[in-house]
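So the structure is just underneath, and the comments pick up after that.
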Amino acid sequence: MGPIYYYIMFFVASISALVYYSMWSETSVVHIKEDGQNHILFPARYFDWAVTSPLMLIALSLLGDAPLPAIVGIVGCDILNVSCLFFGAFYGYEHKFFWWATGLIFFAVLLFMLFQELSKASELGRVSQYDADTLRWLTYIFAACWAVFPVVWLVGQTGTSTTSFNVEIAFEVLADVVVKLSFILILIVRLPADGASQYSIKRDMNDIPDYGSAMKSGGWRGNLTSSTFV
């Protein structure tokens, strides 16, 4: 059996393929009439984002040897960001720009935490230079591509409708395909070349500040080794 990255990217690719098929076959299409205009929305797209983006962020966190609290914070902000965009598109109506702005705040916090962990992984020597370079490229690609979605949401059918439906879909699909193909190619092809295909981490919560005596009295311990995935 292969490393954990193989499984993560398998699920990312599979979920995205099924979602795109549902959009193409019009299985998950919702027509909403607002201000006399008919808007075409795809609820499955938000399901895709809510599942695949946390998986990719988990892959980044594992690659950067991030602590559990950081992983929870990054993934949590991502899920809240997608949830806000979803509610703004389907249930917000009069308050949709509030949902968009709130989601943007969560996205900004996500990026801050993501680049903070990237800096720690590189400067503190938590990972090898090879893995640090891989992590840096993937982080930049994820941040750039994922920043497209709130912008397109704002100018597209769900927001101000200042751009055409075809342009909106084109930018969203392009950003989505680029980030996921980049993750697949880099994680699956680049990492094993350096022997970094196995994820190994031993996290003793007693060594993490601010956990105090709760950990000493039998608290949670994370202990994942490469043998778990081989």
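We label chains A, B, ... in the order they appear in the structure tokens, count residues from 1 in each chain, and number ligands from 1 in the order shown.
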
Item to complete: Going by DSSP on the backbone, which bits of stretch 14-208 of chain A are helix (DSSP H, G or I)? Write them as a ChimeraX atom specification, please.
Response: /A:14-24,43-63,68-123,129-146,148-155,165-193,205-207

Worksheet entry | Within 7 Å of A:Leu135 using only C-alpha atoms, minus same-chain residues under 5 positions, as a list in words | Leu60, Leu63 and Gly64 of chain A

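Note that the spacing between atom CA of A:Phe47 and atom CA of A:Glu172 amounts to 14.3 Å.
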
Worksheet item: Looking at only C-alpha atoms, which of A:Thr27, A:Ala44, A:Val152, A:Val179 is the one that sits closest to A:Ser164?
Response: A:Val152

Item to complete: Please provide the set of residues having any atom within 12 Å of stretch 88-97 of chain A, restricted to only C-alpha atoms, with same-chain residues fewer than 3 positions apart removed, written as a PyMOL selection string.
Response: chain A and resi 29-35+39-43+45-46+81-85+100-104+150+153-160

Go ahead and write the residues just picked, N, CA and C atoms, as a short mmCIF file (atom, residue, chain, number, x, y, z; two decimals), in the first residue's frame.
```cif
data_model
loop_
_atom_site.label_atom_id
_atom_site.label_comp_id
_atom_site.auth_asym_id
_atom_site.auth_seq_id
_atom_site.Cartn_x
_atom_site.Cartn_y
_atom_site.Cartn_z
N VAL A 29 -28.30 20.87 -10.45
CA VAL A 29 -28.48 22.22 -10.96
C VAL A 29 -29.69 22.84 -10.29
N VAL A 30 -29.52 24.06 -9.80
CA VAL A 30 -30.61 24.78 -9.15
C VAL A 30 -30.81 26.11 -9.86
N HIS A 31 -32.05 26.40 -10.22
CA HIS A 31 -32.39 27.67 -10.86
C HIS A 31 -33.04 28.58 -9.82
N ILE A 32 -32.43 29.73 -9.61
CA ILE A 32 -32.94 30.70 -8.64
C ILE A 32 -33.25 32.00 -9.37
N LYS A 33 -34.46 32.50 -9.15
CA LYS A 33 -34.86 33.76 -9.78
C LYS A 33 -34.70 34.89 -8.78
N GLU A 34 -33.89 35.87 -9.15
CA GLU A 34 -33.61 36.99 -8.26
C GLU A 34 -33.55 38.27 -9.09
N ASP A 35 -34.29 39.28 -8.67
CA ASP A 35 -34.34 40.56 -9.37
C ASP A 35 -34.73 40.39 -10.84
N HIS A 39 -30.84 32.67 -12.25
CA HIS A 39 -29.45 32.31 -11.97
C HIS A 39 -29.32 30.79 -11.89
N ILE A 40 -28.26 30.28 -12.51
CA ILE A 40 -27.98 28.84 -12.49
C ILE A 40 -26.88 28.58 -11.47
N LEU A 41 -27.19 27.77 -10.47
CA LEU A 41 -26.25 27.47 -9.41
C LEU A 41 -26.03 25.96 -9.31
N PHE A 42 -24.85 25.59 -8.81
CA PHE A 42 -24.50 24.18 -8.67
C PHE A 42 -24.16 23.88 -7.21
N PRO A 43 -25.10 23.32 -6.46
CA PRO A 43 -24.81 23.00 -5.05
C PRO A 43 -23.70 21.98 -4.87
N ARG A 45 -20.97 21.85 -6.34
CA ARG A 45 -19.67 22.53 -6.37
C ARG A 45 -19.21 22.87 -4.95
N TYR A 46 -20.14 23.30 -4.12
CA TYR A 46 -19.79 23.66 -2.75
C TYR A 46 -19.46 22.41 -1.93
N ASN A 81 -15.33 29.05 5.52
CA ASN A 81 -15.30 29.88 4.32
C ASN A 81 -16.25 29.34 3.25
N VAL A 82 -16.16 28.05 2.97
CA VAL A 82 -17.03 27.44 1.97
C VAL A 82 -18.49 27.49 2.41
N SER A 83 -18.74 27.28 3.69
CA SER A 83 -20.11 27.32 4.21
C SER A 83 -20.73 28.70 4.03
N CYS A 84 -19.95 29.74 4.28
CA CYS A 84 -20.46 31.10 4.10
C CYS A 84 -20.82 31.38 2.64
N LEU A 85 -19.96 30.94 1.72
CA LEU A 85 -20.25 31.14 0.31
C LEU A 85 -21.50 30.37 -0.11
N TRP A 100 -20.62 36.66 2.04
CA TRP A 100 -19.39 36.69 1.25
C TRP A 100 -18.24 37.33 2.04
N ALA A 101 -18.52 38.46 2.69
CA ALA A 101 -17.49 39.15 3.46
C ALA A 101 -17.02 38.30 4.64
N THR A 102 -17.96 37.62 5.29
CA THR A 102 -17.60 36.75 6.41
C THR A 102 -16.73 35.60 5.94
N GLY A 103 -17.11 35.01 4.81
CA GLY A 103 -16.29 33.94 4.25
C GLY A 103 -14.90 34.42 3.88
N LEU A 104 -14.82 35.66 3.40
CA LEU A 104 -13.52 36.23 3.03
C LEU A 104 -12.62 36.40 4.25
N PRO A 150 -13.61 33.29 -4.33
CA PRO A 150 -14.41 34.40 -3.79
C PRO A 150 -14.55 35.58 -4.75
N TRP A 153 -17.11 34.45 -7.28
CA TRP A 153 -18.40 34.43 -6.59
C TRP A 153 -19.00 35.84 -6.55
N LEU A 154 -18.15 36.83 -6.30
CA LEU A 154 -18.62 38.21 -6.17
C LEU A 154 -19.11 38.78 -7.49
N VAL A 155 -18.38 38.53 -8.57
CA VAL A 155 -18.74 39.13 -9.86
C VAL A 155 -19.63 38.22 -10.70
N GLY A 156 -19.87 37.00 -10.23
CA GLY A 156 -20.65 36.04 -11.00
C GLY A 156 -22.13 36.05 -10.67
N GLN A 157 -22.80 34.92 -10.98
CA GLN A 157 -24.24 34.81 -10.81
C GLN A 157 -24.68 34.98 -9.36
N THR A 158 -23.86 34.55 -8.43
CA THR A 158 -24.23 34.61 -7.02
C THR A 158 -24.07 35.99 -6.41
N GLY A 159 -23.25 36.84 -7.05
CA GLY A 159 -22.98 38.16 -6.50
C GLY A 159 -23.61 39.28 -7.29
N THR A 160 -22.78 40.04 -7.98
CA THR A 160 -23.26 41.22 -8.70
C THR A 160 -23.70 40.93 -10.13
#
```

Discussion item. When DSSP is applied to the backbone of this structure, which of stretch 19-144 of chain A are assigned strand (DSSP E)? Write them out as a list in words.
Written reply: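 Answer for stretch 19-144 of chain A, restricted to strand (DSSP E): Val30, His31, Ile32, Lys33, Glu34, Gln37, Asn38, His39, Ile40 and Leu41 of chain A.
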
Practice prompt. Go through A:Val151, A:Leu111, A:Glu123, A:Asn166 and flag the residue nearest A:Thr139, using only C-alpha atoms for the distances.
Written response: A:Leu111

Fill in: Between atom CA of A:Gln116 and atom CA of A:Ser182, distance in Å (one decimal)
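We find that atom CA of A:Gln116 and atom CA of A:Ser182 lie 21.5 Å from each other.
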
Fill in: Counting only C-alpha atoms, the option among A:Leu118, A:Ile141, A:Ile8, A:Leu110 closest to A:Ile188
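Closest to A:Ile188, using only C-alpha atoms: A:Ile8.
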
Fill in: Atom pair atom CA of A:Pro3 / atom CA of A:Ile58: separation (Å)
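A separation of 13.8 Å between them.
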